[in-house]
>>> print(open('query-v2.pdb').read())   # PDB, C-alpha atoms
ATOM      1  CA  MET A  86       0.504 -37.341-100.883  1.00  0.00           C
ATOM      2  CA  ILE A  87       3.313 -34.953-101.753  1.00  0.00           C
ATOM      3  CA  LEU A  88       6.843 -36.235-101.241  1.00  0.00           C
ATOM      4  CA  VAL A  89       9.499 -33.607-100.558  1.00  0.00           C
ATOM      5  CA  ILE A  90      13.113 -34.689-101.062  1.00  0.00           C
ATOM      6  CA  LEU A  91      15.836 -32.489 -99.580  1.00  0.00           C
ATOM      7  CA  GLY A  92      18.653 -34.966-100.170  1.00  0.00           C
ATOM      8  CA  THR A  93      21.456 -36.005 -97.879  1.00  0.00           C
ATOM      9  CA  TRP A  94      23.890 -33.124 -98.343  1.00  0.00           C
ATOM     10  CA  ARG A  95      25.564 -31.982 -95.120  1.00  0.00           C
ATOM     11  CA  MET A  96      24.111 -28.456 -95.232  1.00  0.00           C
ATOM     12  CA  PRO A  97      20.511 -27.676 -94.171  1.00  0.00           C
ATOM     13  CA  PHE A  98      17.844 -26.757 -96.731  1.00  0.00           C
ATOM     14  CA  VAL A  99      15.017 -25.093 -94.799  1.00  0.00           C
ATOM     15  CA  ARG A 100      13.934 -22.585 -97.467  1.00  0.00           C
ATOM     16  CA  PRO A 101      11.465 -24.845 -99.337  1.00  0.00           C
ATOM     17  CA  LEU A 102       9.956 -26.204 -96.113  1.00  0.00           C
ATOM     18  CA  LYS A 103       9.022 -22.736 -94.878  1.00  0.00           C
ATOM     19  CA  GLU A 104       7.078 -21.987 -98.046  1.00  0.00           C
ATOM     20  CA  ILE A 105       5.468 -25.433 -98.230  1.00  0.00           C
ATOM     21  CA  GLU A 106       4.318 -25.063 -94.631  1.00  0.00           C
ATOM     22  CA  GLN A 107       2.784 -21.639 -95.335  1.00  0.00           C
ATOM     23  CA  LEU A 108       0.809 -23.147 -98.232  1.00  0.00           C
ATOM     24  CA  ILE A 109      -0.419 -25.934 -95.951  1.00  0.00           C
ATOM     25  CA  ILE A 110      -1.484 -23.435 -93.297  1.00  0.00           C
ATOM     26  CA  SER A 111      -3.292 -21.293 -95.870  1.00  0.00           C
ATOM     27  CA  GLY A 112      -5.105 -24.348 -97.254  1.00  0.00           C
ATOM     28  CA  ILE A 113      -3.530 -24.229-100.713  1.00  0.00           C
ATOM     29  CA  ILE A 114      -1.778 -27.550-100.113  1.00  0.00           C
ATOM     30  CA  ARG A 115      -4.321 -30.020 -98.750  1.00  0.00           C
ATOM     31  CA  GLU A 116      -2.533 -33.287 -99.339  1.00  0.00           C
ATOM     32  CA  ARG A 117      -0.398 -35.017 -96.765  1.00  0.00           C
ATOM     33  CA  VAL A 118       3.253 -33.938 -97.068  1.00  0.00           C
ATOM     34  CA  ILE A 119       6.106 -36.280 -96.214  1.00  0.00           C
ATOM     35  CA  VAL A 120       9.624 -34.845 -96.148  1.00  0.00           C
ATOM     36  CA  GLN A 121      12.920 -36.701 -96.487  1.00  0.00           C
ATOM     37  CA  ALA A 122      14.957 -34.019 -94.714  1.00  0.00           C
ATOM     38  CA  GLY A 123      18.454 -35.476 -94.379  1.00  0.00           C
ATOM     39  CA  VAL A 124      20.346 -33.223 -91.958  1.00  0.00           C
ATOM     40  CA  THR A 125      17.778 -30.412 -92.177  1.00  0.00           C
ATOM     41  CA  GLN A 126      16.062 -29.856 -88.850  1.00  0.00           C
ATOM     42  CA  TYR A 127      12.523 -28.471 -89.089  1.00  0.00           C
ATOM     43  CA  LEU A 128       9.951 -28.696 -86.334  1.00  0.00           C
ATOM     44  CA  THR A 129       6.365 -28.734 -87.560  1.00  0.00           C
ATOM     45  CA  SER A 130       3.086 -30.480 -86.963  1.00  0.00           C
ATOM     46  CA  ASN A 131       1.976 -29.775 -90.534  1.00  0.00           C
ATOM     47  CA  MET A 132       4.344 -32.178 -92.300  1.00  0.00           C
ATOM     48  CA  ASP A 133       5.764 -35.613 -91.588  1.00  0.00           C
ATOM     49  CA  VAL A 134       9.497 -34.810 -91.488  1.00  0.00           C
ATOM     50  CA  ARG A 135      11.883 -37.766 -91.539  1.00  0.00           C
ATOM     51  CA  SER A 136      15.657 -37.543 -91.572  1.00  0.00           C
ATOM     52  CA  PHE A 137      16.521 -40.544 -93.692  1.00  0.00           C
ATOM     53  CA  LEU A 138      14.549 -43.308 -95.390  1.00  0.00           C
ATOM     54  CA  ASP A 139      15.687 -46.801 -96.303  1.00  0.00           C
ATOM     55  CA  LYS A 140      15.558 -47.720 -99.991  1.00  0.00           C
ATOM     56  CA  GLU A 141      12.375 -49.789 -99.701  1.00  0.00           C
ATOM     57  CA  GLU A 142      10.439 -47.050 -97.900  1.00  0.00           C
ATOM     58  CA  PHE A 143      11.859 -44.397-100.251  1.00  0.00           C
ATOM     59  CA  ASP A 144      10.684 -46.320-103.335  1.00  0.00           C
ATOM     60  CA  LYS A 145       7.265 -46.936-101.778  1.00  0.00           C
ATOM     61  CA  LEU A 146       6.771 -43.242-101.017  1.00  0.00           C
ATOM     62  CA  TYR A 147       7.846 -42.273-104.542  1.00  0.00           C
ATOM     63  CA  ASP A 148       5.285 -44.746-105.911  1.00  0.00           C
ATOM     64  CA  GLU A 149       2.491 -43.378-103.699  1.00  0.00           C
ATOM     65  CA  ALA A 150       3.218 -39.690-104.265  1.00  0.00           C
ATOM     66  CA  THR A 151       1.031 -37.596-106.551  1.00  0.00           C
ATOM     67  CA  LEU A 152       3.775 -34.961-106.696  1.00  0.00           C
ATOM     68  CA  ILE A 153       7.512 -34.909-106.012  1.00  0.00           C
ATOM     69  CA  ILE A 154       9.111 -31.667-104.810  1.00  0.00           C
ATOM     70  CA  THR A 155      12.849 -32.193-104.787  1.00  0.00           C
ATOM     71  CA  HIS A 156      16.185 -30.461-104.511  1.00  0.00           C
ATOM     72  CA  ALA A 157      17.873 -30.299-107.910  1.00  0.00           C
ATOM     73  CA  GLY A 158      19.994 -33.374-107.351  1.00  0.00           C
ATOM     74  CA  GLU A 159      20.157 -35.523-110.447  1.00  0.00           C
ATOM     75  CA  GLY A 160      19.339 -38.802-108.671  1.00  0.00           C
ATOM     76  CA  SER A 161      16.191 -37.498-106.981  1.00  0.00           C
ATOM     77  CA  ILE A 162      14.955 -35.914-110.197  1.00  0.00           C
ATOM     78  CA  ILE A 163      15.652 -38.996-112.308  1.00  0.00           C
ATOM     79  CA  LEU A 164      13.866 -41.331-109.888  1.00  0.00           C
ATOM     80  CA  GLY A 165      10.732 -39.181-110.045  1.00  0.00           C
ATOM     81  CA  LEU A 166      10.856 -39.079-113.845  1.00  0.00           C
ATOM     82  CA  LYS A 167      11.417 -42.846-114.076  1.00  0.00           C
ATOM     83  CA  LYS A 168       8.299 -43.351-111.978  1.00  0.00           C
ATOM     84  CA  ASN A 169       6.331 -40.991-114.260  1.00  0.00           C
ATOM     85  CA  LYS A 170       5.705 -38.521-111.454  1.00  0.00           C
ATOM     86  CA  ARG A 171       5.097 -34.821-111.791  1.00  0.00           C
ATOM     87  CA  VAL A 172       8.268 -33.212-110.472  1.00  0.00           C
ATOM     88  CA  ILE A 173       8.933 -29.727-109.145  1.00  0.00           C
ATOM     89  CA  SER A 174      12.594 -29.082-108.459  1.00  0.00           C
ATOM     90  CA  ILE A 175      14.399 -26.340-106.535  1.00  0.00           C
ATOM     91  CA  ALA A 176      18.153 -25.744-106.473  1.00  0.00           C
ATOM     92  CA  ARG A 177      20.152 -25.499-103.288  1.00  0.00           C
ATOM     93  CA  LEU A 178      21.996 -22.179-103.477  1.00  0.00           C
ATOM     94  CA  VAL A 179      25.302 -20.874-102.132  1.00  0.00           C
ATOM     95  CA  LYS A 180      23.833 -17.482-101.223  1.00  0.00           C
ATOM     96  CA  TYR A 181      21.600 -19.204 -98.645  1.00  0.00           C
ATOM     97  CA  ASN A 182      24.414 -21.484 -97.364  1.00  0.00           C
ATOM     98  CA  GLU A 183      22.610 -24.540 -98.750  1.00  0.00           C
ATOM     99  CA  HIS A 184      25.537 -25.816-100.838  1.00  0.00           C
ATOM    100  CA  ILE A 185      29.190 -25.096-101.614  1.00  0.00           C
ATOM    101  CA  ASP A 186      28.486 -24.139-105.243  1.00  0.00           C
ATOM    102  CA  ASP A 187      25.531 -23.531-107.554  1.00  0.00           C
ATOM    103  CA  HIS A 188      25.820 -26.633-109.756  1.00  0.00           C
ATOM    104  CA  GLN A 189      22.195 -27.506-109.009  1.00  0.00           C
ATOM    105  CA  LEU A 190      21.150 -24.449-111.019  1.00  0.00           C
ATOM    106  CA  ASP A 191      22.753 -26.064-114.072  1.00  0.00           C
ATOM    107  CA  ILE A 192      21.037 -29.394-113.426  1.00  0.00           C
ATOM    108  CA  LEU A 193      17.697 -27.639-112.919  1.00  0.00           C
ATOM    109  CA  SER A 194      18.157 -25.639-116.102  1.00  0.00           C
ATOM    110  CA  VAL A 195      18.875 -28.761-118.184  1.00  0.00           C
ATOM    111  CA  PHE A 196      15.790 -30.636-116.987  1.00  0.00           C
ATOM    112  CA  SER A 197      13.394 -27.671-117.012  1.00  0.00           C
ATOM    113  CA  SER A 198      14.486 -26.353-120.420  1.00  0.00           C
ATOM    114  CA  LYS A 199      13.496 -29.694-121.932  1.00  0.00           C
ATOM    115  CA  ASN A 200      10.140 -29.650-120.043  1.00  0.00           C
ATOM    116  CA  TYR A 201      10.860 -32.787-118.044  1.00  0.00           C
ATOM    117  CA  LEU A 202       9.880 -30.957-114.826  1.00  0.00           C
ATOM    118  CA  LEU A 203       8.818 -27.615-113.438  1.00  0.00           C
ATOM    119  CA  ALA A 204      11.536 -25.434-111.955  1.00  0.00           C
ATOM    120  CA  TRP A 205      10.862 -23.685-108.659  1.00  0.00           C
ATOM    121  CA  GLU A 206      13.309 -20.858-109.110  1.00  0.00           C
ATOM    122  CA  ASP A 207      14.642 -18.467-106.508  1.00  0.00           C
ATOM    123  CA  GLU A 208      12.303 -15.557-105.847  1.00  0.00           C
ATOM    124  CA  VAL A 209       9.332 -17.454-107.379  1.00  0.00           C
ATOM    125  CA  ASN A 210       6.451 -18.426-105.122  1.00  0.00           C
ATOM    126  CA  LEU A 211       5.689 -22.136-104.908  1.00  0.00           C
ATOM    127  CA  GLU A 212       1.999 -21.319-105.306  1.00  0.00           C
ATOM    128  CA  ASP A 213       2.739 -19.950-108.801  1.00  0.00           C
ATOM    129  CA  VAL A 214       4.606 -23.132-109.712  1.00  0.00           C
ATOM    130  CA  LEU A 215       1.793 -25.309-108.354  1.00  0.00           C
ATOM    131  CA  ASN A 216      -0.686 -23.384-110.507  1.00  0.00           C
ATOM    132  CA  LYS A 217       1.337 -24.365-113.588  1.00  0.00           C
ATOM    133  CA  LEU A 218       0.760 -28.044-112.772  1.00  0.00           C
ATOM    134  CA  ASN A 219      -2.801 -27.761-114.076  1.00  0.00           C
ATOM    135  CA  THR A 220      -1.576 -27.304-117.641  1.00  0.00           C
ATOM    136  CA  PHE A 221       1.937 -28.764-117.483  1.00  0.00           C
ATOM    137  CA  VAL A 222       2.462 -31.883-119.576  1.00  0.00           C
ATOM    138  CA  PRO A 223       5.977 -33.177-118.939  1.00  0.00           C
ATOM    139  CA  VAL A 224       8.010 -34.503-121.837  1.00  0.00           C
ATOM    140  CA  PRO A 225       8.949 -38.141-121.145  1.00  0.00           C
ATOM    141  CA  TYR A 226      12.649 -38.429-120.417  1.00  0.00           C
ATOM    142  CA  PRO A 227      14.568 -40.755-122.790  1.00  0.00           C
ATOM    143  CA  PHE A 228      16.219 -42.905-120.144  1.00  0.00           C
ATOM    144  CA  SER A 229      19.804 -43.891-120.621  1.00  0.00           C
ATOM    145  CA  GLU A 230      22.795 -42.930-118.521  1.00  0.00           C
ATOM    146  CA  ASP A 231      24.481 -41.735-121.715  1.00  0.00           C
ATOM    147  CA  LYS A 232      21.555 -39.418-122.461  1.00  0.00           C
ATOM    148  CA  ILE A 233      21.723 -37.839-118.997  1.00  0.00           C
ATOM    149  CA  SER A 234      25.436 -37.191-119.295  1.00  0.00           C
ATOM    150  CA  GLU A 235      25.086 -35.918-122.872  1.00  0.00           C
ATOM    151  CA  ALA A 236      22.348 -33.474-121.888  1.00  0.00           C
ATOM    152  CA  ILE A 237      24.372 -32.034-119.009  1.00  0.00           C
ATOM    153  CA  ILE A 238      27.599 -31.812-121.031  1.00  0.00           C
ATOM    154  CA  ASP A 239      25.751 -30.215-123.948  1.00  0.00           C
ATOM    155  CA  PHE A 240      24.222 -27.633-121.628  1.00  0.00           C
ATOM    156  CA  LEU A 241      27.543 -26.813-119.963  1.00  0.00           C
ATOM    157  CA  GLU A 242      29.309 -26.463-123.314  1.00  0.00           C
ATOM    158  CA  LYS A 243      26.689 -23.967-124.474  1.00  0.00           C
ATOM    159  CA  LYS A 244      27.328 -21.839-121.363  1.00  0.00           C
ATOM    160  CA  ASP A 245      31.003 -21.299-122.282  1.00  0.00           C
TER     161      ASP A 245
END
>>> encode(input="query-v2.pdb", output="structure tokens")
Amino acid sequence: MILVILGTWRMPFVRPLKEIEQLIISGIIRERVIVQAGVTQYLTSNMDVRSFLDKEEFDKLYDEATLIITHAGEGSIILGLKKNKRVISIARLVKYNEHIDDHQLDILSVFSSKNYLLAWEDEVNLEDVLNKLNTFVPVPYPFSEDKISEAIIDFLEKKD
């Protein structure tokens, strides 16, 4: 089962669902797909789309998933990494009215540059990212809240 996490931000995030659905229809994705959609409305018979999940159900689905596809929110990424899941992450972007700024690009860059996850970047087909899963060996994340903050601060300082 593939678990798709769109987060709970107040703006819709339909872009990844459209591409995931096309890959289901074309037979490239054959696993069951469950989506935590938050406020995003998406009608489909190809995925199990749920607005919100309670903590117990959320943890259970993370445990059962063979792959996590998530927005580039730090909490969703970290939970997948803590559970030793393969994670593909995509940033919500201002240009698509998915967020009020592009901070998720920075978060995505930090985690992907260290090979903790695969980035699904704008203008890149999900199928290409999925093909990388065959050879991708994620680096285990050194868990500590200090380490997370240090990595993000270090990355932001290098951008200046």
>>> atom_distance(input="query-v2.pdb", atom1="atom CA of A:Ala204", atom2="atom CA of A:Gly158")
12.5 Å
>>> residues_around(input="query-v2.pdb", residues="stretch 87-102 of chain A", least_positions_apart="4", cutoff="6 Å", atoms="all atoms listed in the file", output="VMD selection string")
chain A and resid 106 118 to 125 150 to 156 183
>>> residues_around(input="query-v2.pdb", residues="A:Ile105", least_positions_apart="4", cutoff="8 Å", atoms="all atoms listed in the file", output="list of chain:residue names")
A:Pro101, A:Ile109, A:Ile114, A:Leu211
>>> atom_distance(input="query-v2.pdb", atom1="atom CA of A:Trp205", atom2="atom CA of A:Glu142")
25.7 Å
>>> axis_aligned_box(input="query-v2.pdb", around="stretch 184-187 of chain A", padding_each_side="3 Å", output="lines of an AutoDock Vina configuration file")
center_x = 27.4
center_y = -24.7
center_z = -104.2
size_x = 9.7
size_y = 8.3
size_z = 12.7
>>> atom_distance(input="query-v2.pdb", atom1="atom CA of A:Gln189", atom2="atom CA of A:Val209")
16.4 Å
>>> closest_residue(input="query-v2.pdb", among="A:Val214, A:Ile113, A:Met132, A:Leu166", to="A:Asp148", atoms="all atoms listed in the file")
A:Leu166
>>> resolve_selection(input="query-v2.pdb", expression="the PyMOL selection byres ((chain A and resi 198-200) around 10)", output="mmCIF file with C-alpha atoms, in the frame of the given file")
data_model
loop_
_atom_site.group_PDB
_atom_site.id
_atom_site.type_symbol
_atom_site.label_atom_id
_atom_site.label_comp_id
_atom_site.auth_asym_id
_atom_site.auth_seq_id
_atom_site.Cartn_x
_atom_site.Cartn_y
_atom_site.Cartn_z
ATOM 1 C CA LEU A 193 17.697 -27.639 -112.919
ATOM 2 C CA SER A 194 18.157 -25.639 -116.102
ATOM 3 C CA VAL A 195 18.875 -28.761 -118.184
ATOM 4 C CA PHE A 196 15.790 -30.636 -116.987
ATOM 5 C CA SER A 197 13.394 -27.671 -117.012
ATOM 6 C CA TYR A 201 10.860 -32.787 -118.044
ATOM 7 C CA LEU A 202 9.880 -30.957 -114.826
ATOM 8 C CA LEU A 203 8.818 -27.615 -113.438
ATOM 9 C CA ALA A 204 11.536 -25.434 -111.955
ATOM 10 C CA PHE A 221 1.937 -28.764 -117.483
ATOM 11 C CA VAL A 222 2.462 -31.883 -119.576
ATOM 12 C CA PRO A 223 5.977 -33.177 -118.939
ATOM 13 C CA VAL A 224 8.010 -34.503 -121.837
ATOM 14 C CA PRO A 225 8.949 -38.141 -121.145
ATOM 15 C CA TYR A 226 12.649 -38.429 -120.417
ATOM 16 C CA ALA A 236 22.348 -33.474 -121.888
ATOM 17 C CA PHE A 240 24.222 -27.633 -121.628
#
>>> closest_residue(input="query-v2.pdb", among="A:Ala176, A:Ile163, A:Asp186, A:Lys103", to="A:Tyr127", atoms="all atoms listed in the file")
A:Lys103
>>> decode(input="query-v2.pdb", residues="stretch 202-217 of chain A", atoms="N, CA and C atoms", output="PDB file, in the first residue's frame")
ATOM      1  N   LEU A 202      15.726  10.856   1.414  1.00  0.00           N
ATOM      2  CA  LEU A 202      14.501  10.601   0.656  1.00  0.00           C
ATOM      3  C   LEU A 202      14.740  10.959  -0.796  1.00  0.00           C
ATOM      4  N   LEU A 203      13.757  10.644  -1.617  1.00  0.00           N
ATOM      5  CA  LEU A 203      13.784  11.056  -3.018  1.00  0.00           C
ATOM      6  C   LEU A 203      12.880  12.270  -3.189  1.00  0.00           C
ATOM      7  N   ALA A 204      13.401  13.283  -3.853  1.00  0.00           N
ATOM      8  CA  ALA A 204      12.618  14.486  -4.123  1.00  0.00           C
ATOM      9  C   ALA A 204      11.830  14.302  -5.418  1.00  0.00           C
ATOM     10  N   TRP A 205      10.563  14.657  -5.364  1.00  0.00           N
ATOM     11  CA  TRP A 205       9.722  14.720  -6.560  1.00  0.00           C
ATOM     12  C   TRP A 205       9.612  16.204  -6.873  1.00  0.00           C
ATOM     13  N   GLU A 206      10.478  16.669  -7.731  1.00  0.00           N
ATOM     14  CA  GLU A 206      10.585  18.090  -8.004  1.00  0.00           C
ATOM     15  C   GLU A 206       9.607  18.518  -9.081  1.00  0.00           C
ATOM     16  N   ASP A 207       9.307  19.803  -9.083  1.00  0.00           N
ATOM     17  CA  ASP A 207       8.411  20.388 -10.067  1.00  0.00           C
ATOM     18  C   ASP A 207       8.935  20.092 -11.467  1.00  0.00           C
ATOM     19  N   GLU A 208       8.047  19.772 -12.358  1.00  0.00           N
ATOM     20  CA  GLU A 208       8.379  19.474 -13.747  1.00  0.00           C
ATOM     21  C   GLU A 208       9.048  18.111 -13.937  1.00  0.00           C
ATOM     22  N   VAL A 209       9.112  17.284 -12.887  1.00  0.00           N
ATOM     23  CA  VAL A 209       9.654  15.928 -12.990  1.00  0.00           C
ATOM     24  C   VAL A 209       8.482  14.962 -12.873  1.00  0.00           C
ATOM     25  N   ASN A 210       8.445  13.977 -13.744  1.00  0.00           N
ATOM     26  CA  ASN A 210       7.370  12.995 -13.709  1.00  0.00           C
ATOM     27  C   ASN A 210       7.548  12.054 -12.520  1.00  0.00           C
ATOM     28  N   LEU A 211       6.462  11.737 -11.855  1.00  0.00           N
ATOM     29  CA  LEU A 211       6.516  10.790 -10.743  1.00  0.00           C
ATOM     30  C   LEU A 211       7.048   9.440 -11.209  1.00  0.00           C
ATOM     31  N   GLU A 212       6.710   9.030 -12.412  1.00  0.00           N
ATOM     32  CA  GLU A 212       7.197   7.744 -12.913  1.00  0.00           C
ATOM     33  C   GLU A 212       8.725   7.697 -12.880  1.00  0.00           C
ATOM     34  N   ASP A 213       9.384   8.790 -13.238  1.00  0.00           N
ATOM     35  CA  ASP A 213      10.851   8.840 -13.201  1.00  0.00           C
ATOM     36  C   ASP A 213      11.374   8.696 -11.775  1.00  0.00           C
ATOM     37  N   VAL A 214      10.689   9.310 -10.826  1.00  0.00           N
ATOM     38  CA  VAL A 214      11.097   9.202  -9.426  1.00  0.00           C
ATOM     39  C   VAL A 214      10.872   7.777  -8.932  1.00  0.00           C
ATOM     40  N   LEU A 215       9.751   7.181  -9.270  1.00  0.00           N
ATOM     41  CA  LEU A 215       9.475   5.801  -8.878  1.00  0.00           C
ATOM     42  C   LEU A 215      10.525   4.836  -9.436  1.00  0.00           C
ATOM     43  N   ASN A 216      11.000   5.096 -10.634  1.00  0.00           N
ATOM     44  CA  ASN A 216      12.035   4.243 -11.224  1.00  0.00           C
ATOM     45  C   ASN A 216      13.337   4.303 -10.428  1.00  0.00           C
ATOM     46  N   LYS A 217      13.598   5.411  -9.783  1.00  0.00           N
ATOM     47  CA  LYS A 217      14.808   5.562  -8.961  1.00  0.00           C
ATOM     48  C   LYS A 217      14.729   4.728  -7.681  1.00  0.00           C
TER      49      LYS A 217
END
